[in-house]
>>> print(open('final.cif').read())   # mmCIF, C-alpha atoms
data_model
#
loop_
_atom_site.group_PDB
_atom_site.id
_atom_site.type_symbol
_atom_site.label_atom_id
_atom_site.label_comp_id
_atom_site.auth_asym_id
_atom_site.auth_seq_id
_atom_site.Cartn_x
_atom_site.Cartn_y
_atom_site.Cartn_z
ATOM 1 C CA ASN A 1 120.290 56.857 111.182
ATOM 2 C CA PRO A 2 116.947 57.729 112.817
ATOM 3 C CA PRO A 3 114.468 54.958 113.718
ATOM 4 C CA CYS A 4 111.342 54.045 111.791
ATOM 5 C CA ARG A 5 108.147 55.283 113.464
ATOM 6 C CA GLY A 6 106.424 52.025 112.630
ATOM 7 C CA CYS A 7 108.769 49.209 113.654
ATOM 8 C CA SER A 8 111.467 51.265 115.492
ATOM 9 C CA SER A 9 114.245 49.683 113.413
ATOM 10 C CA TYR A 10 117.051 51.955 112.238
ATOM 11 C CA LEU A 11 116.314 53.317 108.791
ATOM 12 C CA VAL A 12 118.356 52.299 105.777
ATOM 13 C CA GLU A 13 118.175 54.276 102.553
ATOM 14 C CA PRO A 14 115.911 54.614 100.764
ATOM 15 C CA TYR A 15 113.197 55.398 103.311
ATOM 16 C CA ILE A 16 110.023 57.491 103.386
ATOM 17 C CA LYS A 17 109.363 60.900 104.942
ATOM 18 C CA CYS A 18 105.787 62.133 105.291
ATOM 19 C CA ALA A 19 105.412 65.532 103.604
ATOM 20 C CA GLU A 20 102.362 66.521 105.668
ATOM 21 C CA CYS A 21 103.236 65.524 109.239
ATOM 22 C CA GLY A 22 105.449 67.802 111.294
ATOM 23 C CA PRO A 23 107.268 69.728 112.534
ATOM 24 C CA SER A 24 109.246 66.673 113.697
ATOM 25 C CA PRO A 25 109.823 64.351 110.705
ATOM 26 C CA PHE A 26 107.626 61.271 110.415
ATOM 27 C CA LEU A 27 109.893 58.616 108.899
ATOM 28 C CA LEU A 28 109.021 55.098 107.784
ATOM 29 C CA CYS A 29 110.978 52.196 106.386
ATOM 30 C CA LEU A 30 109.817 50.765 103.068
ATOM 31 C CA GLN A 31 108.200 47.759 104.747
ATOM 32 C CA CYS A 32 106.004 49.859 107.053
ATOM 33 C CA PHE A 33 105.202 52.244 104.212
ATOM 34 C CA THR A 34 104.014 49.445 101.923
ATOM 35 C CA ARG A 35 101.813 48.072 104.733
ATOM 36 C CA GLY A 36 100.102 51.464 104.986
ATOM 37 C CA TYR A 37 101.208 52.175 108.549
ATOM 38 C CA GLU A 38 99.111 54.877 110.253
ATOM 39 C CA TYR A 39 99.565 56.509 113.644
ATOM 40 C CA LYS A 40 97.595 59.378 115.186
ATOM 41 C CA LYS A 41 97.662 62.247 112.650
ATOM 42 C CA HIS A 42 99.605 60.307 110.052
ATOM 43 C CA GLN A 43 97.488 58.687 107.342
ATOM 44 C CA SER A 44 98.556 56.273 104.629
ATOM 45 C CA ASP A 45 97.318 58.601 101.871
ATOM 46 C CA HIS A 46 99.552 61.520 102.916
ATOM 47 C CA LYS A 47 102.009 62.941 100.420
ATOM 48 C CA TYR A 48 105.521 61.627 100.927
ATOM 49 C CA GLU A 49 109.163 62.050 99.946
ATOM 50 C CA ILE A 50 111.699 59.334 99.179
ATOM 51 C CA MET A 51 114.836 59.983 101.228
ATOM 52 C CA THR A 52 118.042 58.795 99.605
ATOM 53 C CA SER A 53 121.566 60.020 98.940
ATOM 54 C CA ASP A 54 121.954 57.852 95.846
ATOM 55 C CA PHE A 55 122.488 60.772 93.453
ATOM 56 C CA PRO A 56 125.583 62.505 92.031
ATOM 57 C CA VAL A 57 126.840 65.724 93.612
ATOM 58 C CA LEU A 58 130.231 66.717 92.230
ATOM 59 C CA GLU A 59 130.543 64.447 89.213
ATOM 60 C CA PRO A 60 128.760 61.465 87.615
ATOM 61 C CA GLY A 61 129.610 58.086 89.053
ATOM 62 C CA TRP A 62 130.005 59.376 92.613
ATOM 63 C CA THR A 63 126.860 59.451 94.740
ATOM 64 C CA ALA A 64 126.363 61.741 97.712
ATOM 65 C CA GLN A 65 126.680 58.733 99.993
ATOM 66 C CA GLU A 66 130.035 57.854 98.433
ATOM 67 C CA GLU A 67 131.225 61.458 98.784
ATOM 68 C CA MET A 68 130.538 61.332 102.519
ATOM 69 C CA ALA A 69 132.135 57.894 102.785
ATOM 70 C CA LEU A 70 135.264 59.181 101.021
ATOM 71 C CA LEU A 71 135.629 62.137 103.386
ATOM 72 C CA GLU A 72 135.155 59.871 106.398
ATOM 73 C CA ALA A 73 137.702 57.387 105.046
ATOM 74 C CA VAL A 74 140.315 60.105 104.472
ATOM 75 C CA MET A 75 139.684 61.390 107.989
ATOM 76 C CA ASP A 76 140.042 57.888 109.446
ATOM 77 C CA CYS A 77 142.991 56.671 107.371
ATOM 78 C CA GLY A 78 144.841 59.921 106.737
ATOM 79 C CA PHE A 79 145.502 61.885 103.564
ATOM 80 C CA GLY A 80 147.608 59.917 101.094
ATOM 81 C CA ASN A 81 146.782 56.437 102.401
ATOM 82 C CA TRP A 82 144.663 55.724 99.351
ATOM 83 C CA GLN A 83 144.929 51.942 99.612
ATOM 84 C CA ASP A 84 143.363 52.008 103.073
ATOM 85 C CA VAL A 85 140.840 54.619 101.947
ATOM 86 C CA ALA A 86 139.748 52.398 99.053
ATOM 87 C CA TYR A 87 139.528 49.384 101.367
ATOM 88 C CA GLN A 88 137.209 51.306 103.689
ATOM 89 C CA MET A 89 135.198 52.687 100.754
ATOM 90 C CA ARG A 90 134.653 49.213 99.220
ATOM 91 C CA THR A 91 133.011 50.674 96.099
ATOM 92 C CA LYS A 92 136.001 52.530 94.587
ATOM 93 C CA THR A 93 139.574 51.681 93.675
ATOM 94 C CA LYS A 94 142.693 53.313 95.071
ATOM 95 C CA GLU A 95 143.186 55.336 91.875
ATOM 96 C CA GLU A 96 139.547 56.454 91.794
ATOM 97 C CA CYS A 97 139.661 57.651 95.398
ATOM 98 C CA GLU A 98 142.882 59.586 94.912
ATOM 99 C CA GLY A 99 141.854 61.140 91.605
ATOM 100 C CA HIS A 100 138.409 62.179 92.808
ATOM 101 C CA TYR A 101 139.673 63.628 96.086
ATOM 102 C CA MET A 102 142.500 65.588 94.470
ATOM 103 C CA LYS A 103 140.251 66.908 91.717
ATOM 104 C CA ASN A 104 137.284 67.959 93.831
ATOM 105 C CA PHE A 105 138.707 68.758 97.271
ATOM 106 C CA ILE A 106 142.317 69.833 96.688
ATOM 107 C CA ASN A 107 142.598 71.296 93.185
ATOM 108 C CA ASN A 108 139.040 72.611 93.026
ATOM 109 C CA PRO A 109 139.197 76.401 92.347
ATOM 110 C CA LEU A 110 136.231 76.970 94.656
ATOM 111 C CA PHE A 111 138.020 75.469 97.651
ATOM 112 C CA SER A 112 141.331 77.068 96.657
ATOM 113 C CA SER A 113 139.806 80.556 96.632
ATOM 114 C CA THR A 114 138.168 79.896 99.983
ATOM 115 C CA LEU A 115 141.475 78.844 101.541
ATOM 116 C CA LEU A 116 143.188 81.895 100.038
ATOM 117 C CA SER A 117 140.559 84.191 101.546
ATOM 118 C CA LEU A 118 141.010 82.566 104.939
ATOM 119 C CA ARG A 119 144.785 83.003 104.763
ATOM 120 C CA GLN A 120 144.422 86.665 103.765
ATOM 121 C CA MET A 121 142.021 87.271 106.634
ATOM 122 C CA GLU A 122 144.393 85.556 109.060
ATOM 123 C CA ASP A 123 147.314 87.706 107.850
ATOM 124 C CA HIS A 124 145.217 90.849 108.195
ATOM 125 C CA LEU A 125 144.185 89.987 111.737
ATOM 126 C CA SER A 126 147.763 89.217 112.731
ATOM 127 C CA ARG A 127 148.907 92.631 111.455
ATOM 128 C CA THR A 128 146.107 94.602 113.097
ATOM 129 C CA ALA A 129 145.858 92.689 116.353
ATOM 130 C CA ASP A 130 146.259 94.638 119.567
ATOM 131 C CA THR A 131 148.910 93.821 122.100
ATOM 132 C CA ALA A 132 148.466 90.668 124.123
ATOM 133 C CA ILE A 133 146.127 90.815 127.095
ATOM 134 C CA PRO A 134 148.289 91.119 130.216
ATOM 135 C CA PHE A 135 148.084 88.291 132.713
ATOM 136 C CA LYS A 136 147.075 89.262 136.230
ATOM 137 C CA PRO A 137 147.306 86.773 139.085
ATOM 138 C CA THR A 138 144.208 86.410 141.211
ATOM 139 C CA ASP A 139 143.260 84.807 144.493
ATOM 140 C CA ASP A 140 139.977 83.555 143.094
ATOM 141 C CA PRO A 141 139.835 80.696 142.188
ATOM 142 C CA PRO A 142 141.980 79.201 144.951
ATOM 143 C CA ARG A 143 145.440 78.175 143.790
ATOM 144 C CA PRO A 144 147.117 76.130 146.518
ATOM 145 C CA SER A 145 150.810 75.434 146.061
ATOM 146 C CA PHE A 146 151.615 72.092 144.487
ATOM 147 C CA ASP A 147 153.194 70.482 147.559
ATOM 148 C CA SER A 148 150.759 71.845 150.143
ATOM 149 C CA GLN A 149 148.356 69.781 152.219
ATOM 150 C CA VAL A 150 145.423 71.601 150.635
ATOM 151 C CA SER A 151 146.638 70.592 147.180
ATOM 152 C CA ARG A 152 146.887 66.943 148.231
ATOM 153 C CA ASP A 153 143.448 67.030 149.831
ATOM 154 C CA MET A 154 141.992 68.459 146.633
ATOM 155 C CA ALA A 155 143.329 65.782 144.299
ATOM 156 C CA GLY A 156 141.692 66.149 140.901
ATOM 157 C CA TYR A 157 141.146 69.887 141.274
ATOM 158 C CA MET A 158 142.617 72.155 138.569
ATOM 159 C CA PRO A 159 143.263 75.569 140.152
ATOM 160 C CA ALA A 160 143.973 77.378 136.892
ATOM 161 C CA ARG A 161 140.526 76.444 135.604
ATOM 162 C CA ALA A 162 138.718 76.490 138.943
ATOM 163 C CA ASP A 163 137.258 73.130 138.046
ATOM 164 C CA PHE A 164 137.664 69.417 138.658
ATOM 165 C CA MET A 165 139.035 66.777 136.321
ATOM 166 C CA GLU A 166 135.905 64.711 136.882
ATOM 167 C CA GLU A 167 132.545 66.030 138.007
ATOM 168 C CA PHE A 168 130.437 64.530 140.748
ATOM 169 C CA ASP A 169 127.904 62.159 139.153
ATOM 170 C CA ASN A 170 129.971 62.503 136.008
ATOM 171 C CA TYR A 171 127.703 60.429 133.763
ATOM 172 C CA ALA A 172 124.418 62.120 134.612
ATOM 173 C CA GLU A 173 124.069 63.371 131.042
ATOM 174 C CA TRP A 174 123.994 59.839 129.670
ATOM 175 C CA ASP A 175 120.387 59.430 130.791
ATOM 176 C CA LEU A 176 119.369 62.272 128.463
ATOM 177 C CA LYS A 177 121.304 61.430 125.321
ATOM 178 C CA ASP A 178 118.544 59.302 123.751
ATOM 179 C CA ILE A 179 115.539 61.377 124.843
ATOM 180 C CA ASP A 180 113.647 63.041 122.013
ATOM 181 C CA PHE A 181 110.357 64.891 122.486
ATOM 182 C CA VAL A 182 108.079 64.284 119.499
ATOM 183 C CA ASP A 183 104.514 65.321 118.772
ATOM 184 C CA ASP A 184 103.079 61.812 118.725
ATOM 185 C CA ASP A 185 104.345 60.822 122.191
ATOM 186 C CA SER A 186 101.642 59.420 124.428
ATOM 187 C CA ASP A 187 100.804 61.376 127.584
ATOM 188 C CA ILE A 188 102.482 58.763 129.777
ATOM 189 C CA LEU A 189 105.647 58.693 127.669
ATOM 190 C CA HIS A 190 105.809 62.495 127.638
ATOM 191 C CA ALA A 191 105.404 62.606 131.431
ATOM 192 C CA LEU A 192 108.173 60.023 131.861
ATOM 193 C CA LYS A 193 110.548 62.053 129.699
ATOM 194 C CA VAL A 194 109.772 65.217 131.668
ATOM 195 C CA ALA A 195 110.420 63.317 134.906
ATOM 196 C CA VAL A 196 113.835 62.198 133.628
ATOM 197 C CA VAL A 197 114.726 65.810 132.808
ATOM 198 C CA ASP A 198 113.593 66.934 136.279
ATOM 199 C CA ILE A 199 115.759 64.255 137.882
ATOM 200 C CA TYR A 200 118.702 65.415 135.785
ATOM 201 C CA HIS A 201 118.201 69.003 136.997
ATOM 202 C CA SER A 202 118.253 67.837 140.617
ATOM 203 C CA ARG A 203 121.489 65.935 139.947
ATOM 204 C CA LEU A 204 123.021 69.099 138.487
ATOM 205 C CA GLU A 205 122.013 71.055 141.575
ATOM 206 C CA GLU A 206 123.666 68.456 143.806
ATOM 207 C CA ARG A 207 126.797 68.563 141.654
ATOM 208 C CA GLN A 208 127.001 72.343 141.991
ATOM 209 C CA ARG A 209 126.307 72.202 145.731
ATOM 210 C CA ARG A 210 129.216 69.836 146.281
ATOM 211 C CA LYS A 211 131.502 71.915 144.081
ATOM 212 C CA ASN A 212 130.633 75.086 145.998
ATOM 213 C CA SER A 213 131.300 73.317 149.296
ATOM 214 C CA VAL A 214 134.755 72.189 148.188
ATOM 215 C CA LEU A 215 135.676 75.616 146.827
ATOM 216 C CA LYS A 216 134.470 77.308 150.008
ATOM 217 C CA TRP A 217 136.517 74.894 152.118
ATOM 218 C CA SER A 218 139.640 75.457 150.019
ATOM 219 C CA ARG A 219 139.358 79.228 150.369
ATOM 220 C CA SER A 220 138.968 78.955 154.132
ATOM 221 C CA CYS A 221 142.084 76.759 154.295
ATOM 222 C CA ARG A 222 144.049 79.287 152.298
ATOM 223 C CA LEU A 223 143.055 82.127 154.609
ATOM 224 C CA ARG A 224 144.129 80.316 157.785
ATOM 225 C CA SER A 225 147.678 80.448 159.001
ATOM 226 C CA PRO A 226 150.011 77.445 158.511
ATOM 227 C CA ALA A 227 149.977 76.866 162.279
ATOM 228 C CA GLU A 228 146.175 76.609 162.305
ATOM 229 C CA GLN A 229 146.220 74.188 159.384
ATOM 230 C CA GLN A 230 148.855 72.061 161.148
ATOM 231 C CA THR A 231 146.647 71.936 164.258
ATOM 232 C CA ASP A 232 143.707 70.595 162.207
ATOM 233 C CA GLN A 233 145.879 67.811 160.847
#
>>> encode(input="final.cif", output="structure tokens")
Amino acid sequence: NPPCRGCSSYLVEPYIKCAECGPSPFLLCLQCFTRGYEYKKHQSDHKYEIMTSDFPVLEPGWTAQEEMALLEAVMDCGFGNWQDVAYQMRTKTKEECEGHYMKNFINNPLFSSTLLSLRQMEDHLSRTADTAIPFKPTDDPPRPSFDSQVSRDMAGYMPARADFMEEFDNYAEWDLKDIDFVDDDSDILHALKVAVVDIYHSRLEERQRRKNSVLKWSRSCRLRSPAEQQTDQ
């Protein structure tokens, strides 16, 4: 769940969304909303929406939140393990989970017709597909033989994909995963976020530089004669 703009705690339904601030959503927990929290353009007298999934979707007695929880439980526990699904759901029995899932997601005519259309399309494509694309060997990317010295020196390199199993500075993206540019960022915070992105770009350039160097070296090794390679060793 997204954080509250007032206290930064993770929001729990129901929570409040300002209907006038944007384009990025201005969200508040009930506690900050009742205190009349204001920040920059947001005022306490703005129109608002109550955000909740506590309403029926497919049939009475099953809220939208429970529908999502059921699908997640079936994905986690596997289809048919209704006892485990009910245990993860907490709010429904084994029989209720099985009956609701079978009725609305398996035997539902809407989903059945959709699956039938997909199968018909797949059959049509298989009948009209052209012949398979012929495979042509290539010298680029480099493909050293498995037992060669070049192959051992390039441990972790996958010739068929022209890529490495693990990139240099492999976790560089982690520094960006929580960055979110919003309208009400202060100038200093915005500048810090931009600086982090710039640093990430420089790390990508270094990653590519190292990759190009390794690939260039491997190609030069492949072009030299075995006697020359033995001399280098």
>>> resolve_selection(input="final.cif", expression="the PyMOL selection byres ((chain A and resi 74) around 10)", output="PyMOL selection string")
chain A and resi 69-73+75-82+84-86+88-89+97-98+101
>>> closest_residue(input="final.cif", among="A:Pro23, A:Glu167, A:Val194, A:Glu13", to="Arg209 in chain A", atoms="all atoms listed in the file")
A:Glu167
>>> atom_distance(input="final.cif", atom1="CA of His42 in chain A", atom2="CA of Gly22 in chain A")
9.6 Å
>>> residues_near_point(input="final.cif", point="(110.7, 51.0, 102.6)", cutoff="9 Å", atoms="all atoms listed in the file", output="PyMOL selection string")
chain A and resi 11-16+28-34
>>> residues_around(input="final.cif", residues="Ala64 in chain A", least_positions_apart="6", cutoff="6 Å", atoms="only C-alpha atoms", output="PyMOL selection string")
chain A and resi 53+55-57
>>> atom_distance(input="final.cif", atom1="CA of Arg5 in chain A", atom2="CA of Tyr200 in chain A")
26.7 Å
>>> closest_residue(input="final.cif", among="A:Leu27, A:Ile199, A:Leu192, A:Leu58", to="Ile179 in chain A", atoms="all atoms listed in the file")
A:Leu192
>>> atom_distance(input="final.cif", atom1="CA of His46 in chain A", atom2="CA of Pro2 in chain A")
20.4 Å
>>> residues_near_point(input="final.cif", point="(136.5, 59.6, 93.1)", cutoff="9 Å", atoms="only C-alpha atoms", output="ChimeraX atom specification")
/A:59,61-62,66-67,70,92-93,95-104
